[in-house]
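A.B. asks: So here's run_20.tsv (TSV, C-alpha atoms and all ligand atoms).
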chain	number	residue	atom	x	y	z
A	1	MET	CA	11.27	20.57	1.34
A	2	ASN	CA	12.48	17.40	-0.42
A	3	LYS	CA	10.17	15.21	-2.46
A	4	ASN	CA	11.33	11.89	-1.04
A	5	ILE	CA	8.85	9.26	0.05
A	6	ALA	CA	9.94	6.49	2.43
A	7	ILE	CA	7.88	3.30	2.58
A	8	ASP	CA	8.80	0.77	5.24
A	9	GLY	CA	7.13	-2.38	6.40
A	10	PRO	CA	7.41	-6.15	6.77
A	11	ALA	CA	7.93	-8.71	4.01
A	12	GLY	CA	4.94	-9.14	1.73
A	13	ALA	CA	3.01	-6.01	2.75
A	14	GLY	CA	2.97	-4.92	-0.90
A	15	LYS	CA	5.67	-2.26	-0.57
A	16	SER	CA	7.43	-2.78	-3.89
A	17	THR	CA	4.28	-2.99	-6.04
A	18	ILE	CA	2.85	0.09	-4.39
A	19	ALA	CA	6.10	2.07	-4.29
A	20	LYS	CA	6.63	1.37	-8.00
A	21	LEU	CA	3.13	2.61	-8.82
A	22	VAL	CA	3.45	5.74	-6.66
A	23	ALA	CA	6.83	6.57	-8.23
A	24	LYS	CA	5.40	6.20	-11.72
A	25	LYS	CA	2.41	8.41	-10.95
A	26	LEU	CA	4.59	11.13	-9.42
A	27	GLY	CA	7.46	10.92	-11.90
A	28	SER	CA	9.91	9.94	-9.13
A	29	ILE	CA	12.55	7.21	-9.17
A	30	TYR	CA	11.67	3.95	-7.40
A	31	VAL	CA	14.49	2.60	-5.26
A	32	ASP	CA	14.11	-0.99	-4.05
A	33	THR	CA	16.55	-1.35	-1.15
A	34	GLY	CA	15.53	-4.96	-0.47
A	35	ALA	CA	17.07	-5.87	-3.84
A	36	MET	CA	20.43	-4.55	-2.58
A	37	TYR	CA	20.30	-6.74	0.54
A	38	ARG	CA	19.21	-9.64	-1.66
A	39	ALA	CA	22.23	-9.14	-3.95
A	40	ILE	CA	24.46	-9.34	-0.87
A	41	GLY	CA	22.55	-12.45	0.27
A	42	LEU	CA	23.07	-14.00	-3.17
A	43	TYR	CA	26.82	-13.34	-3.19
A	44	MET	CA	27.24	-14.73	0.33
A	45	THR	CA	25.17	-17.82	-0.54
A	46	GLU	CA	26.99	-18.51	-3.80
A	47	ASN	CA	30.34	-18.11	-2.06
A	48	SER	CA	29.36	-20.06	1.08
A	49	VAL	CA	30.23	-17.18	3.41
A	50	ASP	CA	29.45	-17.95	7.05
A	51	LYS	CA	27.48	-15.05	8.55
A	52	SER	CA	28.92	-15.62	12.02
A	53	ASP	CA	32.49	-15.20	10.71
A	54	ILE	CA	32.71	-11.42	10.63
A	55	GLU	CA	36.20	-11.38	9.07
A	56	ALA	CA	34.97	-13.59	6.23
A	57	VAL	CA	31.96	-11.28	5.76
A	58	LYS	CA	34.18	-8.16	5.66
A	59	ASN	CA	36.52	-9.88	3.23
A	60	ALA	CA	33.58	-10.81	1.00
A	61	LEU	CA	32.20	-7.24	1.12
A	62	GLY	CA	35.58	-6.04	-0.20
A	63	LYS	CA	35.08	-8.21	-3.27
A	64	ILE	CA	31.57	-6.98	-4.03
A	65	SER	CA	30.81	-4.24	-6.50
A	66	LEU	CA	27.15	-3.27	-6.63
A	67	ASP	CA	25.71	-0.98	-9.31
A	68	ILE	CA	22.18	0.28	-9.68
A	69	ARG	CA	20.92	1.04	-13.16
A	70	TYR	CA	17.57	1.98	-14.57
A	71	GLU	CA	16.23	0.40	-17.77
A	72	ASP	CA	12.92	1.88	-18.92
A	73	GLY	CA	12.44	3.15	-15.39
A	74	VAL	CA	12.95	-0.30	-13.85
A	75	GLN	CA	15.73	-0.77	-11.29
A	76	GLN	CA	18.38	-3.28	-12.29
A	77	ILE	CA	20.91	-4.57	-9.81
A	78	ILE	CA	24.36	-5.43	-11.10
A	79	LEU	CA	26.56	-7.59	-8.90
A	80	ASN	CA	30.18	-7.73	-10.02
A	81	GLY	CA	29.15	-7.02	-13.58
A	82	GLU	CA	26.25	-9.49	-13.70
A	83	ASN	CA	22.63	-8.37	-13.80
A	84	VAL	CA	21.15	-10.44	-10.93
A	85	SER	CA	17.72	-8.76	-10.80
A	86	GLY	CA	15.93	-12.00	-11.72
A	87	LYS	CA	18.08	-14.35	-9.64
A	88	ILE	CA	17.46	-12.62	-6.29
A	89	ARG	CA	13.68	-13.12	-6.21
A	90	THR	CA	13.56	-16.44	-4.36
A	91	PRO	CA	12.49	-17.16	-0.77
A	92	GLU	CA	15.97	-18.63	-0.10
A	93	ILE	CA	17.71	-15.40	-1.12
A	94	GLY	CA	15.14	-13.38	0.84
A	95	SER	CA	16.11	-15.29	3.99
A	96	ALA	CA	19.83	-14.90	3.27
A	97	ALA	CA	19.29	-11.16	2.73
A	98	SER	CA	17.56	-10.88	6.10
A	99	ALA	CA	20.30	-12.91	7.82
A	100	PHE	CA	23.18	-10.77	6.46
A	101	ALA	CA	21.19	-7.54	6.96
A	102	VAL	CA	21.79	-7.78	10.72
A	103	ILE	CA	25.51	-7.07	10.17
A	104	PRO	CA	26.37	-3.36	10.62
A	105	GLU	CA	29.14	-3.46	7.96
A	106	VAL	CA	26.62	-4.71	5.40
A	107	ARG	CA	24.13	-1.99	6.34
A	108	SER	CA	26.54	0.95	6.32
A	109	GLY	CA	27.70	0.40	2.72
A	110	LEU	CA	24.14	0.01	1.45
A	111	THR	CA	22.87	2.98	3.47
A	112	ASP	CA	25.50	5.23	1.80
A	113	LEU	CA	24.46	4.01	-1.65
A	114	GLN	CA	20.77	4.61	-0.87
A	115	ARG	CA	21.42	8.16	0.40
A	116	GLU	CA	23.44	8.92	-2.72
A	117	LEU	CA	20.55	7.82	-4.95
A	118	ALA	CA	18.12	10.03	-2.99
A	119	LYS	CA	20.44	13.02	-3.43
A	120	ARG	CA	20.33	12.70	-7.21
A	121	SER	CA	16.56	12.71	-7.72
A	122	ALA	CA	13.21	12.59	-5.99
A	123	VAL	CA	12.72	8.98	-4.88
A	124	VAL	CA	10.12	6.61	-3.59
A	125	MET	CA	12.31	4.27	-1.56
A	126	ASP	CA	11.08	1.13	0.16
A	127	GLY	CA	12.70	-1.07	2.77
A	128	ARG	CA	12.79	-1.56	6.52
A	129	ASP	CA	14.78	1.41	7.86
A	130	ILE	CA	14.20	4.13	5.27
A	131	GLY	CA	12.10	6.50	7.41
A	132	THR	CA	14.07	5.81	10.57
A	133	VAL	CA	17.71	5.66	9.40
A	134	VAL	CA	18.37	6.08	5.68
A	135	LEU	CA	16.21	9.14	4.96
A	136	PRO	CA	15.06	10.51	8.33
A	137	ASP	CA	14.24	13.81	6.58
A	138	ALA	CA	11.96	12.25	3.95
A	139	SER	CA	8.92	14.50	3.57
A	140	VAL	CA	6.52	11.57	3.49
A	141	LYS	CA	6.88	8.42	5.58
A	142	ILE	CA	4.58	5.45	5.29
A	143	PHE	CA	4.60	2.29	7.38
A	144	LEU	CA	2.82	-0.28	5.27
A	145	THR	CA	1.65	-3.45	6.91
A	146	ALA	CA	-0.83	-6.33	6.50
A	147	SER	CA	-1.70	-9.42	8.50
A	148	VAL	CA	0.69	-12.38	8.29
A	149	GLU	CA	-2.03	-14.50	6.65
A	150	VAL	CA	-2.71	-11.94	3.93
A	151	ARG	CA	1.02	-11.46	3.28
A	152	ALA	CA	1.61	-15.21	3.03
A	153	ASP	CA	-1.32	-15.58	0.66
A	154	ARG	CA	0.01	-12.80	-1.60
A	155	ARG	CA	3.50	-14.32	-1.72
A	156	TYR	CA	2.00	-17.74	-2.41
A	157	LYS	CA	0.03	-16.42	-5.38
A	158	GLU	CA	3.02	-14.47	-6.70
A	159	LEU	CA	5.31	-17.53	-6.62
A	160	ALA	CA	2.65	-19.95	-7.88
A	161	GLN	CA	2.03	-17.63	-10.82
A	162	LYS	CA	5.71	-17.90	-11.70
A	163	GLY	CA	5.22	-21.65	-11.80
A	164	GLU	CA	7.14	-22.34	-8.59
A	165	GLU	CA	6.17	-25.17	-6.32
A	166	VAL	CA	5.22	-23.59	-3.03
A	167	ASN	CA	3.64	-24.47	0.26
A	168	ILE	CA	1.56	-21.76	1.98
A	169	LYS	CA	2.44	-22.97	5.49
A	170	GLU	CA	6.15	-22.80	4.70
A	171	ILE	CA	5.75	-19.30	3.28
A	172	GLU	CA	3.89	-18.20	6.40
A	173	ALA	CA	6.59	-19.66	8.65
A	174	ASP	CA	9.27	-17.95	6.55
A	175	ILE	CA	7.47	-14.59	6.84
A	176	ARG	CA	7.18	-14.95	10.62
A	177	ARG	CA	10.90	-15.79	10.88
A	178	ARG	CA	11.85	-12.86	8.68
A	179	ASP	CA	9.62	-10.42	10.65
A	180	GLU	CA	11.22	-11.57	13.89
A	181	GLN	CA	14.76	-11.24	12.50
A	182	ASP	CA	14.13	-7.84	10.88
A	183	MET	CA	12.37	-6.38	13.94
A	184	THR	CA	14.72	-7.58	16.64
A	185	ARG	CA	18.15	-6.87	15.14
A	186	LYS	CA	20.27	-4.26	16.92
A	187	THR	CA	21.17	-2.10	13.92
A	188	ALA	CA	18.34	-0.31	12.13
A	189	PRO	CA	15.52	-2.72	13.02
A	190	LEU	CA	12.20	-2.65	11.22
A	191	LYS	CA	10.00	-0.21	13.12
A	192	GLN	CA	7.56	2.55	12.41
A	193	ALA	CA	9.12	6.03	12.48
A	194	ASP	CA	7.39	8.38	14.94
A	195	ASP	CA	6.28	10.61	12.08
A	196	ALA	CA	5.20	7.82	9.71
A	197	VAL	CA	1.60	7.22	8.67
A	198	LEU	CA	0.47	3.65	9.36
A	199	LEU	CA	-1.41	1.98	6.49
A	200	ASP	CA	-2.80	-1.54	6.75
A	201	SER	CA	-3.21	-3.00	3.27
A	202	SER	CA	-4.96	-6.22	4.40
A	203	SER	CA	-8.31	-5.23	2.96
A	204	LEU	CA	-7.29	-2.55	0.48
A	205	SER	CA	-6.45	-2.91	-3.20
A	206	ILE	CA	-3.09	-1.83	-4.61
A	207	ASP	CA	-4.69	1.20	-6.24
A	208	GLU	CA	-6.45	2.22	-3.02
A	209	VAL	CA	-3.19	2.16	-1.07
A	210	ALA	CA	-1.28	3.96	-3.83
A	211	ASP	CA	-3.98	6.66	-4.08
A	212	ARG	CA	-3.94	7.16	-0.31
A	213	ILE	CA	-0.14	7.60	-0.35
A	214	ILE	CA	-0.37	10.09	-3.22
A	215	GLU	CA	-3.03	12.05	-1.29
A	216	ILE	CA	-0.76	12.16	1.78
A	217	ALA	CA	2.21	13.15	-0.40
A	218	LYS	CA	0.31	16.01	-2.06
A	219	GLU	CA	-0.81	17.31	1.32
A	220	LYS	CA	2.73	17.28	2.71
A	221	VAL	CA	4.55	18.43	-0.41
A	222	PRO	CA	2.30	20.72	-2.46
A	223	THR	CA	4.85	20.79	-5.30
A	224	LEU	CA	4.44	17.03	-5.85
A	225	ARG	CA	2.07	16.50	-8.75
A	226	GLU	CA	0.86	13.52	-10.67
A	227	VAL	CA	2.40	13.17	-14.10
A	228	LYS	CA	-0.48	12.93	-16.54
A	229	ALA	CA	-0.51	13.12	-20.31
A	230	PHE	CA	-3.93	14.80	-20.54
B	301	LIG	O1	11.99	-6.28	0.94
B	301	LIG	P1	12.72	-7.59	0.67
B	301	LIG	O2	11.90	-8.78	1.02
B	301	LIG	O3	13.25	-7.67	-0.73
B	301	LIG	O4	14.00	-7.56	1.65
B	301	LIG	C1	14.83	-8.67	1.87
B	301	LIG	C2	15.51	-8.56	3.23
B	301	LIG	O5	16.48	-7.52	3.20
B	301	LIG	C3	14.59	-8.23	4.40
B	301	LIG	O6	14.04	-9.38	5.01
B	301	LIG	C4	15.51	-7.50	5.35
B	301	LIG	C5	16.54	-6.86	4.47
B	301	LIG	N1	16.32	-5.42	4.29
B	301	LIG	C6	16.79	-4.58	5.27
B	301	LIG	O7	17.31	-5.05	6.28
B	301	LIG	N2	16.68	-3.23	5.13
B	301	LIG	C7	16.11	-2.71	4.03
B	301	LIG	N3	16.04	-1.37	3.91
B	301	LIG	C8	15.59	-3.54	3.03
B	301	LIG	C9	15.70	-4.91	3.19
Any chance you could give the structure as structure tokens?
C.D. replies:
Amino acid sequence: MNKNIAIDGPAGAGKSTIAKLVAKKLGSIYVDTGAMYRAIGLYMTENSVDKSDIEAVKNALGKISLDIRYEDGVQQIILNGENVSGKIRTPEIGSAASAFAVIPEVRSGLTDLQRELAKRSAVVMDGRDIGTVVLPDASVKIFLTASVEVRADRRYKELAQKGEEVNIKEIEADIRRRDEQDMTRKTAPLKQADDAVLLDSSSLSIDEVADRIIEIAKEKVPTLREVKAF
């Protein structure tokens, strides 16, 4: 039995914060697949690639080299030699990521990379299609969700804390658009895997959700243990 944990869910459900925490507690590697789609979104935006021109998209993909590195356990994403981990965290790049993520050619390259990472070590991987497509054999599958209002409020606070000027109504509209796009695309849409456990984080703290996932993981994979110093 593998030790992989797949966490899927819509934008702003708290996946990355929780996945990071779970990975740390279990001594697994955290793989943020959204960052990979964001790096593609960034490249396409910076190079004004039109998403409806499939030849232009394929041509652009041929010019992209994407590397994943870990620095002090934190995933870094390197796009054509540049560390873009900071640059990709904007709502604009999130929307571009979602728009280009509908294209099968974009998905297949990233899916291969994600499977390769999961082969090398036990992972906690978050995204939209991890339990359904990328790692259908993951031992633990979680579908993490929260109400649109709660997700918008969390994103608002996160961006405001970074000093960005944000409007909660715009964030909410962006989340609704992204949910719609991610759930209705033909290839690997966002949906709960049949064998995934549904967790609604609307009224739970980060620690409560993480602890629940660790409990589920320990039940399913008895060899998974928390890494503790004492
Ligand atoms: O999780 P995130 O907000 O960083 O993801 C950005 C976009 O990337 C998301 O709206 C859809 C796409 N994505 C995807 O299609 N499949 C994944 N496994 C992860 C992200």
A.B. asks: Which one of A:Ile93, A:Lys119, A:Val31, A:Lys51 sits closest to Ile77 of chain A if you count all atoms listed in the file?
C.D. replies: A:Val31
A.B. asks: Calculated over all atoms listed in the file, which of the candidates A:Ile7, A:Val133, A:Leu117, A:Leu224 has the smallest distance to Arg69 of chain A?
C.D. replies: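 Counting all atoms listed in the file, the residue closest to Arg69 of chain A is A:Leu117.
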A.B. asks: Give me the residues near Asp174 of chain A as an mmCIF file with C-alpha atoms, in the coordinates of the input, where near means some atom within 12 Å (using all atoms listed in the file) and where sequence neighbours in that chain fewer than 5 positions away do not count.
C.D. replies:
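What landed in around16.cif:
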data_model
loop_
_atom_site.group_PDB
_atom_site.id
_atom_site.type_symbol
_atom_site.label_atom_id
_atom_site.label_comp_id
_atom_site.auth_asym_id
_atom_site.auth_seq_id
_atom_site.Cartn_x
_atom_site.Cartn_y
_atom_site.Cartn_z
ATOM 1 C CA PRO A 10 7.410 -6.150 6.770
ATOM 2 C CA ALA A 11 7.930 -8.710 4.010
ATOM 3 C CA GLY A 12 4.940 -9.140 1.730
ATOM 4 C CA THR A 90 13.560 -16.440 -4.360
ATOM 5 C CA PRO A 91 12.490 -17.160 -0.770
ATOM 6 C CA GLU A 92 15.970 -18.630 -0.100
ATOM 7 C CA ILE A 93 17.710 -15.400 -1.120
ATOM 8 C CA GLY A 94 15.140 -13.380 0.840
ATOM 9 C CA SER A 95 16.110 -15.290 3.990
ATOM 10 C CA ALA A 96 19.830 -14.900 3.270
ATOM 11 C CA SER A 98 17.560 -10.880 6.100
ATOM 12 C CA VAL A 148 0.690 -12.380 8.290
ATOM 13 C CA GLU A 149 -2.030 -14.500 6.650
ATOM 14 C CA ARG A 151 1.020 -11.460 3.280
ATOM 15 C CA ALA A 152 1.610 -15.210 3.030
ATOM 16 C CA ARG A 155 3.500 -14.320 -1.720
ATOM 17 C CA TYR A 156 2.000 -17.740 -2.410
ATOM 18 C CA VAL A 166 5.220 -23.590 -3.030
ATOM 19 C CA ASN A 167 3.640 -24.470 0.260
ATOM 20 C CA ILE A 168 1.560 -21.760 1.980
ATOM 21 C CA LYS A 169 2.440 -22.970 5.490
ATOM 22 C CA ASP A 179 9.620 -10.420 10.650
ATOM 23 C CA GLU A 180 11.220 -11.570 13.890
ATOM 24 C CA GLN A 181 14.760 -11.240 12.500
#
A.B. asks: Which of these residues is nearest to Leu21 of chain A, using all atoms listed in the file: A:Val197, A:Ile206, A:Ala160, A:Ala217?
C.D. replies: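 Counting all atoms listed in the file, the residue closest to Leu21 of chain A is A:Ile206.
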A.B. asks: Starting from the point (18.0, -6.8, -7.2), work out which residues of protein, DNA or RNA have an atom no more than 7 Å away when counting all atoms listed in the file; state them as a list in words.
C.D. replies: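 Final list of nearby residues, as requested, is Ala35, Met36, Arg38, Ala39, Gln76, Ile77, Val84, Ser85 and Ile88 of chain A.
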A.B. asks: Around all listed atoms of ligand LIG 301 (chain B), padded 8 Å per side, what centre and edge lengths does the axis-aligned box have in Å to one decimal, as JSON?
C.D. replies:
{"center_x": 14.6, "center_y": -5.4, "center_z": 2.8, "size_x": 21.4, "size_y": 24.0, "size_z": 23.0}
A.B. asks: Between atom CA of Thr145 of chain A and atom CA of Asp200 of chain A, measure the distance and give it in Å to one decimal.
C.D. replies: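 Computing it gives 4.8 Å between the two atoms.
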A.B. asks: Please compute the atom CA of Ile142 of chain A-atom CA of Asn4 of chain A distance, one decimal, in Å.
C.D. replies: 11.3 Å
A.B. asks: Rounded to one decimal place, report the atom CA of Phe143 of chain A-atom CA of Gly109 of chain A distance in Å.
C.D. replies: 23.6 Å
A.B. asks: Counting all atoms listed in the file, which of A:Val150, A:Ala210, A:Leu144, A:Val124 gets nearest to Lys3 of chain A?
C.D. replies: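 Smallest distance to Lys3 of chain A is found for A:Val124.
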A.B. asks: Which residues, written as a list in words, have at least one atom at most 8 Å from Gln192 of chain A, with only C-alpha atoms counted and residues fewer than 6 positions away on the same chain left out?
C.D. replies: Asp8, Gly9, Gly131, Thr132, Phe143 and Leu198 of chain A
A.B. asks: Considering only C-alpha atoms, can you say which of A:Ile171, A:Leu159, A:Val102, A:Val134 comes closest to Lys186 of chain A?
C.D. replies: A:Val102
A.B. asks: Go through A:Arg128, A:Lys157, A:Lys58, A:Lys25 one by one, measure the shortest atom-to-atom distance of each to Arg178 of chain A using all atoms listed in the file, and give the residue with the smallest value.
C.D. replies: A:Arg128
A.B. asks: Skipping near chain neighbours, those fewer than 5 positions away, what residues fall within 12 Å of Leu113 of chain A using all atoms listed in the file, listed as a list in words?
C.D. replies: Val31, Asp32, Thr33, Met36, Tyr37, Ser65, Leu66, Asp67, Ile68, Val106, Arg107, Ser108, Ala118, Lys119, Arg120, Val134 and Leu135 of chain A
A.B. asks: Contacts of Lys24 of chain A at 10 Å or less, counting only C-alpha atoms, minus same-chain residues fewer than 4 places along, as a PDB file with C-alpha atoms, in the frame of the given file?
C.D. replies:
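Wrote selection_11.pdb, looks like this:
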ATOM      1  CA  ILE A  18       2.850   0.090  -4.390  1.00  0.00           C
ATOM      2  CA  ALA A  19       6.100   2.070  -4.290  1.00  0.00           C
ATOM      3  CA  LYS A  20       6.630   1.370  -8.000  1.00  0.00           C
ATOM      4  CA  SER A  28       9.910   9.940  -9.130  1.00  0.00           C
ATOM      5  CA  ILE A  29      12.550   7.210  -9.170  1.00  0.00           C
ATOM      6  CA  TYR A  30      11.670   3.950  -7.400  1.00  0.00           C
ATOM      7  CA  GLY A  73      12.440   3.150 -15.390  1.00  0.00           C
ATOM      8  CA  VAL A 124      10.120   6.610  -3.590  1.00  0.00           C
ATOM      9  CA  GLU A 226       0.860  13.520 -10.670  1.00  0.00           C
ATOM     10  CA  VAL A 227       2.400  13.170 -14.100  1.00  0.00           C
TER      11      VAL A 227
END
